[in-house]
>>> print(open('upload_8.cif').read())   # mmCIF, C-alpha atoms
data_target
#
loop_
_atom_site.group_PDB
_atom_site.id
_atom_site.type_symbol
_atom_site.label_atom_id
_atom_site.label_comp_id
_atom_site.auth_asym_id
_atom_site.auth_seq_id
_atom_site.Cartn_x
_atom_site.Cartn_y
_atom_site.Cartn_z
ATOM 1 C CA MET A 1306 0.298 46.241 76.820
ATOM 2 C CA SER A 1307 3.742 45.751 78.269
ATOM 3 C CA GLU A 1308 4.890 48.247 80.828
ATOM 4 C CA HIS A 1309 7.275 50.969 79.703
ATOM 5 C CA ARG A 1310 10.627 50.826 81.383
ATOM 6 C CA GLY A 1311 10.238 54.501 82.187
ATOM 7 C CA SER A 1312 7.204 53.946 84.359
ATOM 8 C CA SER A 1313 6.723 51.859 87.459
ATOM 9 C CA GLY A 1314 9.127 49.071 86.496
ATOM 10 C CA ASP A 1315 12.054 51.465 86.335
ATOM 11 C CA VAL A 1316 13.572 50.914 89.765
ATOM 12 C CA TRP A 1317 16.958 52.297 90.778
ATOM 13 C CA SER A 1318 18.954 52.291 93.969
ATOM 14 C CA ILE A 1319 21.478 54.107 96.133
ATOM 15 C CA GLY A 1320 23.285 52.384 98.981
ATOM 16 C CA GLY A 1321 20.977 49.365 98.724
ATOM 17 C CA GLN A 1322 17.827 51.511 98.961
ATOM 18 C CA GLU A 1323 15.525 50.786 96.011
ATOM 19 C CA MET A 1324 13.489 53.685 94.696
ATOM 20 C CA GLN A 1325 10.895 54.286 92.007
ATOM 21 C CA SER A 1326 10.756 58.066 92.200
ATOM 22 C CA ARG A 1327 13.599 59.968 90.565
ATOM 23 C CA PHE A 1328 12.697 63.203 92.299
ATOM 24 C CA PHE A 1329 14.483 64.266 95.503
ATOM 25 C CA LEU A 1330 12.628 67.230 96.991
ATOM 26 C CA GLY A 1331 14.025 69.878 99.302
ATOM 27 C CA THR A 1332 11.971 71.144 102.220
ATOM 28 C CA GLY A 1333 13.069 74.780 102.473
ATOM 29 C CA LEU A 1334 11.226 77.986 101.524
ATOM 30 C CA PHE A 1335 7.682 76.588 101.314
ATOM 31 C CA PRO A 1336 4.979 79.093 102.306
ATOM 32 C CA ASN A 1337 3.669 76.791 105.067
ATOM 33 C CA PRO A 1338 3.706 73.117 106.177
ATOM 34 C CA PHE A 1339 0.332 72.399 104.570
ATOM 35 C CA VAL A 1340 1.444 73.499 101.098
ATOM 36 C CA GLN A 1341 4.715 71.684 101.618
ATOM 37 C CA ASN A 1342 2.986 68.404 102.408
ATOM 38 C CA GLU A 1343 0.678 68.777 99.416
ATOM 39 C CA ALA A 1344 3.684 69.482 97.191
ATOM 40 C CA ILE A 1345 5.550 66.457 98.565
ATOM 41 C CA ALA A 1346 2.520 64.286 97.796
ATOM 42 C CA ALA A 1347 2.220 65.735 94.265
ATOM 43 C CA SER A 1348 5.932 65.218 93.611
ATOM 44 C CA GLY A 1349 5.851 61.513 94.446
ATOM 45 C CA ALA A 1350 9.264 62.004 96.091
ATOM 46 C CA GLU A 1351 10.557 59.225 98.304
ATOM 47 C CA VAL A 1352 13.625 61.186 99.437
ATOM 48 C CA LEU A 1353 13.415 64.556 101.208
ATOM 49 C CA THR A 1354 16.330 66.833 102.020
ATOM 50 C CA PHE A 1355 16.880 68.901 105.150
ATOM 51 C CA ALA A 1356 19.447 71.202 106.699
ATOM 52 C CA ILE A 1357 20.830 71.036 110.239
ATOM 53 C CA ARG A 1358 20.577 74.172 112.382
ATOM 54 C CA ARG A 1359 20.574 75.242 116.006
ATOM 55 C CA VAL A 1360 17.287 74.842 117.848
ATOM 56 C CA ASP A 1361 15.713 78.255 118.527
ATOM 57 C CA LEU A 1362 15.716 78.237 122.325
ATOM 58 C CA GLU A 1363 13.476 81.275 122.500
ATOM 59 C CA ALA A 1364 10.635 79.673 120.514
ATOM 60 C CA ALA A 1365 8.110 78.203 122.921
ATOM 61 C CA GLU A 1366 6.381 75.816 120.522
ATOM 62 C CA ASP A 1367 7.835 72.808 118.718
ATOM 63 C CA ASP A 1368 9.216 74.239 115.461
ATOM 64 C CA SER A 1369 10.585 70.908 114.215
ATOM 65 C CA ILE A 1370 9.839 70.366 110.548
ATOM 66 C CA LEU A 1371 9.603 66.633 111.169
ATOM 67 C CA GLN A 1372 6.409 66.968 113.202
ATOM 68 C CA HIS A 1373 4.535 67.634 109.957
ATOM 69 C CA LEU A 1374 5.754 64.487 108.189
ATOM 70 C CA GLU A 1375 4.379 60.984 108.456
ATOM 71 C CA PRO A 1376 7.012 58.949 110.352
ATOM 72 C CA GLY A 1377 8.761 56.346 108.229
ATOM 73 C CA ALA A 1378 7.199 57.493 104.953
ATOM 74 C CA PHE A 1379 10.377 59.018 103.522
ATOM 75 C CA ARG A 1380 14.105 58.517 103.310
ATOM 76 C CA PHE A 1381 15.806 61.579 104.810
ATOM 77 C CA LEU A 1382 18.805 63.201 103.158
ATOM 78 C CA PRO A 1383 20.243 65.857 105.502
ATOM 79 C CA ASN A 1384 22.766 68.283 104.023
ATOM 80 C CA THR A 1385 25.856 70.013 105.356
ATOM 81 C CA SER A 1386 24.837 73.467 104.113
ATOM 82 C CA GLY A 1387 26.532 76.325 105.898
ATOM 83 C CA SER A 1388 29.866 74.503 105.985
ATOM 84 C CA ARG A 1389 32.930 76.010 104.310
ATOM 85 C CA THR A 1390 35.477 73.279 105.029
ATOM 86 C CA ALA A 1391 35.572 69.488 105.076
ATOM 87 C CA GLU A 1392 35.885 69.554 108.878
ATOM 88 C CA GLU A 1393 32.743 71.654 109.266
ATOM 89 C CA ALA A 1394 30.845 69.373 106.885
ATOM 90 C CA VAL A 1395 31.975 66.269 108.792
ATOM 91 C CA ARG A 1396 30.845 67.845 112.060
ATOM 92 C CA ILE A 1397 27.380 68.561 110.656
ATOM 93 C CA ALA A 1398 27.178 65.073 109.123
ATOM 94 C CA ARG A 1399 27.923 63.437 112.474
ATOM 95 C CA LEU A 1400 25.217 65.524 114.142
ATOM 96 C CA ALA A 1401 22.761 64.566 111.404
ATOM 97 C CA ARG A 1402 23.489 60.882 111.856
ATOM 98 C CA ALA A 1403 23.156 61.142 115.640
ATOM 99 C CA SER A 1404 19.490 61.991 115.059
ATOM 100 C CA GLY A 1405 19.046 58.305 114.319
ATOM 101 C CA LEU A 1406 16.963 59.282 111.301
ATOM 102 C CA SER A 1407 19.429 58.663 108.464
ATOM 103 C CA ASP A 1408 23.004 57.769 107.637
ATOM 104 C CA TRP A 1409 22.715 59.396 104.223
ATOM 105 C CA ILE A 1410 24.428 62.762 103.888
ATOM 106 C CA LYS A 1411 24.473 65.367 101.144
ATOM 107 C CA VAL A 1412 27.897 66.986 101.326
ATOM 108 C CA GLU A 1413 27.384 70.652 100.511
ATOM 109 C CA ILE A 1414 30.383 72.896 101.077
ATOM 110 C CA SER A 1415 30.077 76.401 99.671
ATOM 111 C CA ALA A 1416 33.146 78.339 98.635
ATOM 112 C CA ASP A 1417 31.473 81.758 98.978
ATOM 113 C CA GLY A 1418 28.126 83.269 99.825
ATOM 114 C CA ARG A 1419 27.533 85.068 96.529
ATOM 115 C CA THR A 1420 27.544 82.033 94.226
ATOM 116 C CA LEU A 1421 27.255 79.214 96.801
ATOM 117 C CA LEU A 1422 29.317 77.211 94.333
ATOM 118 C CA PRO A 1423 30.657 73.985 95.815
ATOM 119 C CA ASP A 1424 34.310 73.848 96.833
ATOM 120 C CA PRO A 1425 35.386 70.686 94.991
ATOM 121 C CA LEU A 1426 38.580 70.091 96.978
ATOM 122 C CA GLU A 1427 36.885 70.346 100.375
ATOM 123 C CA THR A 1428 33.974 68.278 99.022
ATOM 124 C CA LEU A 1429 36.332 65.487 97.967
ATOM 125 C CA ARG A 1430 38.096 65.580 101.348
ATOM 126 C CA ALA A 1431 34.811 65.439 103.273
ATOM 127 C CA THR A 1432 33.578 62.591 101.057
ATOM 128 C CA GLU A 1433 36.708 60.553 101.778
ATOM 129 C CA ILE A 1434 36.308 61.029 105.550
ATOM 130 C CA LEU A 1435 32.576 60.331 105.644
ATOM 131 C CA VAL A 1436 32.800 57.224 103.455
ATOM 132 C CA LYS A 1437 35.373 55.833 105.914
ATOM 133 C CA GLU A 1438 32.939 56.573 108.762
ATOM 134 C CA GLY A 1439 30.257 54.506 107.050
ATOM 135 C CA PHE A 1440 27.972 57.237 105.737
ATOM 136 C CA THR A 1441 26.135 56.931 102.432
ATOM 137 C CA VAL A 1442 27.627 60.042 100.853
ATOM 138 C CA LEU A 1443 25.947 62.084 98.115
ATOM 139 C CA PRO A 1444 28.187 65.052 97.333
ATOM 140 C CA TYR A 1445 26.832 68.175 95.672
ATOM 141 C CA THR A 1446 29.590 69.305 93.338
ATOM 142 C CA SER A 1447 30.526 71.245 90.222
ATOM 143 C CA ASP A 1448 29.418 70.019 86.809
ATOM 144 C CA ASP A 1449 32.951 68.804 86.203
ATOM 145 C CA PRO A 1450 33.422 65.246 84.874
ATOM 146 C CA VAL A 1451 36.829 64.848 86.510
ATOM 147 C CA ILE A 1452 35.781 65.846 90.016
ATOM 148 C CA CYS A 1453 32.695 63.635 89.671
ATOM 149 C CA ARG A 1454 34.933 60.694 88.762
ATOM 150 C CA ARG A 1455 37.207 61.415 91.719
ATOM 151 C CA LEU A 1456 34.215 61.547 94.074
ATOM 152 C CA ALA A 1457 32.930 58.195 92.807
ATOM 153 C CA GLU A 1458 36.402 56.701 93.263
ATOM 154 C CA ALA A 1459 36.404 58.044 96.839
ATOM 155 C CA GLY A 1460 33.274 55.993 97.503
ATOM 156 C CA ALA A 1461 30.431 58.461 96.915
ATOM 157 C CA ALA A 1462 27.151 56.544 96.520
ATOM 158 C CA ALA A 1463 26.014 59.066 93.887
ATOM 159 C CA VAL A 1464 27.374 62.306 92.464
ATOM 160 C CA MET A 1465 25.255 65.443 92.364
ATOM 161 C CA PRO A 1466 26.545 68.024 89.888
ATOM 162 C CA GLY A 1467 24.778 71.385 89.849
ATOM 163 C CA GLY A 1468 22.985 72.617 86.738
ATOM 164 C CA ALA A 1469 23.548 76.243 87.816
ATOM 165 C CA PRO A 1470 24.184 77.990 91.161
ATOM 166 C CA ILE A 1471 21.736 77.152 93.964
ATOM 167 C CA GLY A 1472 18.425 78.972 93.793
ATOM 168 C CA THR A 1473 19.117 80.759 90.496
ATOM 169 C CA GLY A 1474 16.640 78.862 88.309
ATOM 170 C CA LEU A 1475 18.992 79.317 85.349
ATOM 171 C CA GLY A 1476 18.623 75.701 84.217
ATOM 172 C CA ILE A 1477 21.408 73.473 82.945
ATOM 173 C CA LEU A 1478 24.172 75.871 81.897
ATOM 174 C CA ASN A 1479 26.463 73.157 80.547
ATOM 175 C CA PRO A 1480 24.478 70.233 79.115
ATOM 176 C CA TYR A 1481 27.636 68.914 77.460
ATOM 177 C CA ASN A 1482 29.296 68.424 80.853
ATOM 178 C CA ILE A 1483 26.244 66.818 82.443
ATOM 179 C CA GLY A 1484 26.059 64.409 79.489
ATOM 180 C CA LEU A 1485 29.746 63.572 79.837
ATOM 181 C CA ILE A 1486 29.413 63.018 83.592
ATOM 182 C CA VAL A 1487 26.523 60.608 82.988
ATOM 183 C CA GLU A 1488 28.423 58.788 80.251
ATOM 184 C CA GLU A 1489 31.431 58.180 82.451
ATOM 185 C CA SER A 1490 29.912 57.789 85.908
ATOM 186 C CA ALA A 1491 30.076 54.489 87.764
ATOM 187 C CA VAL A 1492 27.467 55.750 90.251
ATOM 188 C CA PRO A 1493 24.051 57.416 89.783
ATOM 189 C CA VAL A 1494 24.175 61.069 88.687
ATOM 190 C CA ILE A 1495 21.653 63.353 90.361
ATOM 191 C CA VAL A 1496 21.377 66.854 88.906
ATOM 192 C CA ASP A 1497 21.137 69.108 91.932
ATOM 193 C CA ALA A 1498 20.604 72.856 92.039
ATOM 194 C CA GLY A 1499 19.947 75.657 89.601
ATOM 195 C CA LEU A 1500 16.945 74.255 87.762
ATOM 196 C CA GLY A 1501 13.979 76.555 87.201
ATOM 197 C CA THR A 1502 11.138 74.868 85.408
ATOM 198 C CA ALA A 1503 9.872 71.580 83.996
ATOM 199 C CA SER A 1504 11.884 71.691 80.768
ATOM 200 C CA ASP A 1505 15.101 71.910 82.811
ATOM 201 C CA ALA A 1506 14.159 68.735 84.673
ATOM 202 C CA ALA A 1507 13.223 66.989 81.426
ATOM 203 C CA LEU A 1508 16.549 67.995 79.855
ATOM 204 C CA ALA A 1509 18.507 66.624 82.812
ATOM 205 C CA MET A 1510 16.724 63.301 82.504
ATOM 206 C CA GLU A 1511 17.124 63.242 78.694
ATOM 207 C CA LEU A 1512 20.848 63.678 79.268
ATOM 208 C CA GLY A 1513 20.731 60.468 81.297
ATOM 209 C CA ALA A 1514 20.650 61.727 84.868
ATOM 210 C CA ALA A 1515 19.384 59.093 87.301
ATOM 211 C CA ALA A 1516 17.412 61.681 89.258
ATOM 212 C CA ILE A 1517 16.864 65.352 90.088
ATOM 213 C CA LEU A 1518 17.206 67.145 93.402
ATOM 214 C CA MET A 1519 15.380 70.441 93.647
ATOM 215 C CA ASN A 1520 13.815 72.766 96.156
ATOM 216 C CA THR A 1521 13.443 76.423 95.135
ATOM 217 C CA PRO A 1522 11.668 75.893 91.760
ATOM 218 C CA VAL A 1523 8.864 74.078 93.559
ATOM 219 C CA ALA A 1524 8.759 76.034 96.820
ATOM 220 C CA LYS A 1525 8.926 79.434 95.099
ATOM 221 C CA ALA A 1526 6.483 78.705 92.269
ATOM 222 C CA GLN A 1527 3.204 80.613 92.462
ATOM 223 C CA ASP A 1528 1.540 77.226 92.879
ATOM 224 C CA PRO A 1529 4.055 74.891 94.523
ATOM 225 C CA VAL A 1530 1.706 71.900 94.369
ATOM 226 C CA GLY A 1531 1.116 72.362 90.633
ATOM 227 C CA MET A 1532 4.838 72.812 90.031
ATOM 228 C CA ALA A 1533 5.681 69.683 92.044
ATOM 229 C CA ARG A 1534 3.400 67.693 89.751
ATOM 230 C CA ALA A 1535 4.819 69.395 86.643
ATOM 231 C CA MET A 1536 8.332 68.439 87.715
ATOM 232 C CA ARG A 1537 7.298 64.871 88.427
ATOM 233 C CA LEU A 1538 5.789 64.537 84.944
ATOM 234 C CA ALA A 1539 8.798 66.209 83.309
ATOM 235 C CA ILE A 1540 11.171 63.843 85.117
ATOM 236 C CA GLU A 1541 9.123 60.830 84.017
ATOM 237 C CA GLY A 1542 8.875 62.167 80.459
ATOM 238 C CA GLY A 1543 12.575 62.954 80.239
ATOM 239 C CA ARG A 1544 13.487 59.561 81.651
ATOM 240 C CA LEU A 1545 11.259 57.727 79.183
ATOM 241 C CA ALA A 1546 12.683 59.772 76.301
ATOM 242 C CA TYR A 1547 16.203 58.864 77.424
ATOM 243 C CA LEU A 1548 15.335 55.168 77.623
ATOM 244 C CA SER A 1549 13.533 55.279 74.292
ATOM 245 C CA GLY A 1550 16.467 56.776 72.389
ATOM 246 C CA ARG A 1551 15.879 60.043 70.615
ATOM 247 C CA MET A 1552 16.319 60.428 66.834
ATOM 248 C CA SER A 1553 19.543 61.948 65.628
ATOM 249 C CA LYS A 1554 19.581 65.622 64.733
ATOM 250 C CA LYS A 1555 19.776 66.551 61.029
ATOM 251 C CA ARG A 1556 20.840 69.784 59.417
ATOM 252 C CA TYR A 1557 18.131 69.783 56.721
ATOM 253 C CA ALA A 1558 14.496 68.766 56.425
ATOM 254 C CA SER A 1559 13.399 65.179 55.936
ATOM 255 C CA ALA A 1560 9.764 64.626 54.841
ATOM 256 C CA SER A 1561 7.686 62.162 56.828
ATOM 257 C CA SER A 1562 5.707 60.892 53.804
ATOM 258 C CA GLY A 1563 8.363 60.595 51.077
ATOM 259 C CA PHE A 1564 7.863 61.829 47.507
ATOM 260 C CA GLU A 1565 6.519 58.702 45.716
ATOM 261 C CA SER A 1566 2.951 58.734 44.396
ATOM 262 C CA LEU A 1567 2.594 62.468 44.603
ATOM 263 C CA ILE A 1568 -0.521 63.835 42.910
ATOM 264 C CA VAL A 1569 1.405 66.835 41.639
ATOM 265 C CA GLU A 1570 3.658 66.085 38.671
ATOM 266 C CA MET B 241 25.384 76.749 136.691
ATOM 267 C CA GLU B 242 26.421 78.848 133.719
ATOM 268 C CA LEU B 243 26.570 76.973 130.410
ATOM 269 C CA ILE B 244 27.025 78.152 126.838
ATOM 270 C CA VAL B 245 24.100 76.745 124.891
ATOM 271 C CA ASN B 246 23.922 77.451 121.152
ATOM 272 C CA GLY B 247 26.428 80.254 121.545
ATOM 273 C CA THR B 248 24.601 82.037 124.391
ATOM 274 C CA LYS B 249 25.393 81.999 128.128
ATOM 275 C CA ARG B 250 22.581 80.493 130.187
ATOM 276 C CA GLU B 251 22.078 79.810 133.879
ATOM 277 C CA LEU B 252 20.623 76.307 134.150
ATOM 278 C CA ASP B 253 19.985 74.005 137.095
ATOM 279 C CA ALA B 254 21.386 70.833 135.544
ATOM 280 C CA VAL B 255 23.590 67.867 136.485
ATOM 281 C CA ASN B 256 23.730 66.195 133.078
ATOM 282 C CA ILE B 257 22.806 66.815 129.436
ATOM 283 C CA ALA B 258 19.411 65.160 129.862
ATOM 284 C CA ASP B 259 18.646 67.856 132.485
ATOM 285 C CA VAL B 260 19.753 70.615 130.116
ATOM 286 C CA VAL B 261 17.453 69.325 127.385
ATOM 287 C CA GLU B 262 14.618 69.003 129.896
ATOM 288 C CA ARG B 263 15.098 72.505 131.401
ATOM 289 C CA LEU B 264 15.037 74.039 127.933
ATOM 290 C CA GLY B 265 11.703 72.367 127.220
ATOM 291 C CA LEU B 266 13.115 70.133 124.501
ATOM 292 C CA ALA B 267 12.533 66.699 126.071
ATOM 293 C CA GLY B 268 10.999 64.282 123.606
ATOM 294 C CA ARG B 269 11.775 66.440 120.593
ATOM 295 C CA PRO B 270 14.064 65.254 117.779
ATOM 296 C CA VAL B 271 17.092 67.173 119.043
ATOM 297 C CA VAL B 272 20.762 66.233 118.722
ATOM 298 C CA ALA B 273 23.372 67.324 121.263
ATOM 299 C CA GLU B 274 27.017 68.182 120.798
ATOM 300 C CA VAL B 275 29.071 68.825 123.929
ATOM 301 C CA GLU B 276 32.532 70.387 123.683
ATOM 302 C CA GLY B 277 32.656 69.380 120.020
ATOM 303 C CA GLU B 278 31.633 65.735 120.581
ATOM 304 C CA VAL B 279 28.321 64.332 119.401
ATOM 305 C CA LEU B 280 26.345 62.726 122.215
ATOM 306 C CA TYR B 281 23.668 60.172 121.380
ATOM 307 C CA SER B 282 20.516 60.499 123.493
ATOM 308 C CA GLU B 283 21.383 57.263 125.361
ATOM 309 C CA GLN B 284 24.486 59.068 126.675
ATOM 310 C CA TRP B 285 22.721 62.197 127.922
ATOM 311 C CA GLU B 286 21.972 60.913 131.455
ATOM 312 C CA SER B 287 25.571 59.938 132.106
ATOM 313 C CA ALA B 288 27.103 63.060 130.543
ATOM 314 C CA GLU B 289 27.727 65.398 133.484
ATOM 315 C CA VAL B 290 27.867 69.113 132.794
ATOM 316 C CA LYS B 291 30.523 71.477 134.128
ATOM 317 C CA PRO B 292 30.425 75.283 134.357
ATOM 318 C CA GLY B 293 31.261 77.004 131.058
ATOM 319 C CA MET B 294 30.639 73.896 128.940
ATOM 320 C CA LYS B 295 29.798 74.552 125.295
ATOM 321 C CA ILE B 296 26.643 72.722 124.273
ATOM 322 C CA GLU B 297 25.015 72.748 120.854
ATOM 323 C CA LEU B 298 21.443 71.565 120.408
ATOM 324 C CA VAL B 299 20.497 71.140 116.753
ATOM 325 C CA HIS B 300 17.670 69.710 114.694
ATOM 326 C CA PHE B 301 16.462 69.211 111.128
ATOM 327 C CA VAL B 302 15.109 72.309 109.390
ATOM 328 C CA GLY B 303 13.842 72.889 105.849
ATOM 329 C CA GLY B 304 16.606 72.768 103.260
ATOM 330 C CA GLY B 305 17.525 71.610 99.802
#
>>> encode(input="upload_8.cif", output="structure tokens")
Amino acid sequence: MSEHRGSSGDVWSIGGQEMQSRFFLGTGLFPNPFVQNEAIAASGAEVLTFAIRRVDLEAAEDDSILQHLEPGAFRFLPNTSGSRTAEEAVRIARLARASGLSDWIKVEISADGRTLLPDPLETLRATEILVKEGFTVLPYTSDDPVICRRLAEAGAAAVMPGGAPIGTGLGILNPYNIGLIVEESAVPVIVDAGLGTASDAALAMELGAAAILMNTPVAKAQDPVGMARAMRLAIEGGRLAYLSGRMSKKRYASASSGFESLIVE
Amino acid sequence: MELIVNGTKRELDAVNIADVVERLGLAGRPVVAEVEGEVLYSEQWESAEVKPGMKIELVHFVGGG
């Protein structure tokens, strides 16, 4: 049997990095490092996201999250969370790159603490600066087709529109916009933030997203390992459905067996 | 000498940034340093002399989405 395009032959890439998994997993909020590692394994993710924060100088033991991960096994995508302006995001990005671990950066600039919605103007400005500095830039932005186009034109390696505000689990609030972004985008579209459960991930992929980035739905599930696997399967299912081309919707019923040779007159 | 590390004043016996990292027990850990707003790669730590009142940030990767 020939291999489905939605399975292992379905390779994609960002900034020259080829990937098979279409699941970027965040590393925050897990109950402990053991569960986190099990969830990462169950997710099949090749890309993991991180934040950059001050070292706790009062903590005696090594609290680095990286000590729990197999060196070289993953591509790291640090974010600029906590920044409110392009300048702050650029500062965090430079620190992240100085780690020597990755030159990929997720630009995440929140306009306010209540919604954590991305500030699209600052995000565009930061993207322009960081692209010039040679970063592979993946901006988290609004589900707005125009801003996504502008980010791609500025040199973003992918665009990452949110489905709903970060950590809400509300799912994809505007599927029309996500579909339009995918239709028009010259770079991969990664739906980032706001998803809650497997059907949300499947919908994003059915709409043509190249990948999903999520954290809270897995980390805060009652069984994070089970949910990581559920998301992986949903992403694969949604991707295969997208590639396979769904039937068109009809207003009225259409029988699957026709009405010829009926035994009832 | 008195330095401002991660926003807090600290008295540290240090000549350069490598000493600061060492005195704070962070040698060998995946830590990134920023001194007076400039990122310093670990190769530069030995030659980066500290002066009283310098603002130093020591950051690392933490869990995030």
>>> closest_atom_pairs(input="upload_8.cif", of="chain A", to="chain B", cutoff="10 Å", atoms="only C-alpha atoms", output="JSON lines")
{"residue": "A:Phe1329", "atom": "CA", "partner": "B:Gly305", "partner_atom": "CA", "distance": 9.0}
{"residue": "A:Leu1330", "atom": "CA", "partner": "B:Gly305", "partner_atom": "CA", "distance": 7.1}
{"residue": "A:Gly1331", "atom": "CA", "partner": "B:Gly305", "partner_atom": "CA", "distance": 3.9}
{"residue": "A:Thr1332", "atom": "CA", "partner": "B:Gly303", "partner_atom": "CA", "distance": 4.4}
{"residue": "A:Gly1333", "atom": "CA", "partner": "B:Gly303", "partner_atom": "CA", "distance": 3.9}
{"residue": "A:Leu1334", "atom": "CA", "partner": "B:Gly303", "partner_atom": "CA", "distance": 7.2}
{"residue": "A:Phe1335", "atom": "CA", "partner": "B:Gly303", "partner_atom": "CA", "distance": 8.5}
{"residue": "A:Leu1353", "atom": "CA", "partner": "B:Gly305", "partner_atom": "CA", "distance": 8.3}
{"residue": "A:Thr1354", "atom": "CA", "partner": "B:Gly305", "partner_atom": "CA", "distance": 5.4}
{"residue": "A:Phe1355", "atom": "CA", "partner": "B:Gly304", "partner_atom": "CA", "distance": 4.3}
{"residue": "A:Ala1356", "atom": "CA", "partner": "B:Gly304", "partner_atom": "CA", "distance": 4.7}
{"residue": "A:Ile1357", "atom": "CA", "partner": "B:Phe301", "partner_atom": "CA", "distance": 4.8}
{"residue": "A:Arg1358", "atom": "CA", "partner": "B:Val299", "partner_atom": "CA", "distance": 5.3}
{"residue": "A:Arg1359", "atom": "CA", "partner": "B:Val299", "partner_atom": "CA", "distance": 4.2}
{"residue": "A:Val1360", "atom": "CA", "partner": "B:Val299", "partner_atom": "CA", "distance": 5.0}
{"residue": "A:Asp1361", "atom": "CA", "partner": "B:Asn246", "partner_atom": "CA", "distance": 8.7}
{"residue": "A:Leu1362", "atom": "CA", "partner": "B:Leu264", "partner_atom": "CA", "distance": 7.0}
{"residue": "A:Glu1363", "atom": "CA", "partner": "B:Leu264", "partner_atom": "CA", "distance": 9.2}
{"residue": "A:Ala1364", "atom": "CA", "partner": "B:Gly265", "partner_atom": "CA", "distance": 10.0}
{"residue": "A:Ala1365", "atom": "CA", "partner": "B:Gly265", "partner_atom": "CA", "distance": 8.1}
{"residue": "A:Glu1366", "atom": "CA", "partner": "B:Gly265", "partner_atom": "CA", "distance": 9.2}
{"residue": "A:Asp1367", "atom": "CA", "partner": "B:Arg269", "partner_atom": "CA", "distance": 7.7}
{"residue": "A:Asp1368", "atom": "CA", "partner": "B:Val302", "partner_atom": "CA", "distance": 8.7}
{"residue": "A:Ser1369", "atom": "CA", "partner": "B:Val302", "partner_atom": "CA", "distance": 6.8}
{"residue": "A:Ile1370", "atom": "CA", "partner": "B:Val302", "partner_atom": "CA", "distance": 5.7}
{"residue": "A:Leu1371", "atom": "CA", "partner": "B:Phe301", "partner_atom": "CA", "distance": 7.3}
{"residue": "A:Gln1372", "atom": "CA", "partner": "B:Pro270", "partner_atom": "CA", "distance": 9.1}
{"residue": "A:Phe1381", "atom": "CA", "partner": "B:Phe301", "partner_atom": "CA", "distance": 9.9}
{"residue": "A:Leu1382", "atom": "CA", "partner": "B:Gly305", "partner_atom": "CA", "distance": 9.1}
{"residue": "A:Pro1383", "atom": "CA", "partner": "B:Phe301", "partner_atom": "CA", "distance": 7.6}
{"residue": "A:Asn1384", "atom": "CA", "partner": "B:Gly305", "partner_atom": "CA", "distance": 7.5}
{"residue": "A:Thr1385", "atom": "CA", "partner": "B:Gly304", "partner_atom": "CA", "distance": 9.9}
{"residue": "A:Ser1386", "atom": "CA", "partner": "B:Gly304", "partner_atom": "CA", "distance": 8.3}
{"residue": "A:Arg1396", "atom": "CA", "partner": "B:Gly277", "partner_atom": "CA", "distance": 8.3}
{"residue": "A:Ile1397", "atom": "CA", "partner": "B:Val299", "partner_atom": "CA", "distance": 9.5}
{"residue": "A:Arg1399", "atom": "CA", "partner": "B:Val279", "partner_atom": "CA", "distance": 7.0}
{"residue": "A:Leu1400", "atom": "CA", "partner": "B:Val279", "partner_atom": "CA", "distance": 6.2}
{"residue": "A:Ala1401", "atom": "CA", "partner": "B:Val272", "partner_atom": "CA", "distance": 7.8}
{"residue": "A:Arg1402", "atom": "CA", "partner": "B:Val272", "partner_atom": "CA", "distance": 9.1}
{"residue": "A:Ala1403", "atom": "CA", "partner": "B:Tyr281", "partner_atom": "CA", "distance": 5.8}
{"residue": "A:Ser1404", "atom": "CA", "partner": "B:Val272", "partner_atom": "CA", "distance": 5.7}
{"residue": "A:Gly1405", "atom": "CA", "partner": "B:Tyr281", "partner_atom": "CA", "distance": 8.6}
{"residue": "A:Leu1406", "atom": "CA", "partner": "B:Pro270", "partner_atom": "CA", "distance": 9.3}
{"residue": "A:Lys1411", "atom": "CA", "partner": "B:Gly305", "partner_atom": "CA", "distance": 9.4}
{"residue": "A:Glu1413", "atom": "CA", "partner": "B:Gly305", "partner_atom": "CA", "distance": 9.9}
{"residue": "A:Ile1471", "atom": "CA", "partner": "B:Gly305", "partner_atom": "CA", "distance": 9.1}
{"residue": "A:Gly1472", "atom": "CA", "partner": "B:Gly305", "partner_atom": "CA", "distance": 9.5}
{"residue": "A:Asp1497", "atom": "CA", "partner": "B:Gly305", "partner_atom": "CA", "distance": 9.0}
{"residue": "A:Ala1498", "atom": "CA", "partner": "B:Gly305", "partner_atom": "CA", "distance": 8.4}
{"residue": "A:Leu1518", "atom": "CA", "partner": "B:Gly305", "partner_atom": "CA", "distance": 7.8}
{"residue": "A:Met1519", "atom": "CA", "partner": "B:Gly305", "partner_atom": "CA", "distance": 6.6}
{"residue": "A:Asn1520", "atom": "CA", "partner": "B:Gly305", "partner_atom": "CA", "distance": 5.3}
{"residue": "A:Thr1521", "atom": "CA", "partner": "B:Gly305", "partner_atom": "CA", "distance": 7.8}
>>> resolve_selection(input="upload_8.cif", expression="the PyMOL selection byres ((chain B and resi 295) around 6)", output="number ranges by chain")
B: 244, 275-276, 294, 296
>>> atom_distance(input="upload_8.cif", atom1="CA of Gly1531 in chain A", atom2="CA of Pro1376 in chain A")
24.6 Å
>>> resolve_selection(input="upload_8.cif", expression="the PyMOL selection byres ((chain A and resi 1456) around 12)", output="ChimeraX atom specification")
/A:1412,1425-1436,1442-1447,1449-1455,1457-1466,1486,1490-1494
>>> atom_distance(input="upload_8.cif", atom1="CA of Ser1415 in chain A", atom2="CA of Gly1387 in chain A")
7.2 Å
>>> closest_residue(input="upload_8.cif", among="A:Gly1499, A:Gly1543, A:Gly1418, A:Gly1439", to="Ala1516 in chain A", atoms="only C-alpha atoms")
A:Gly1543
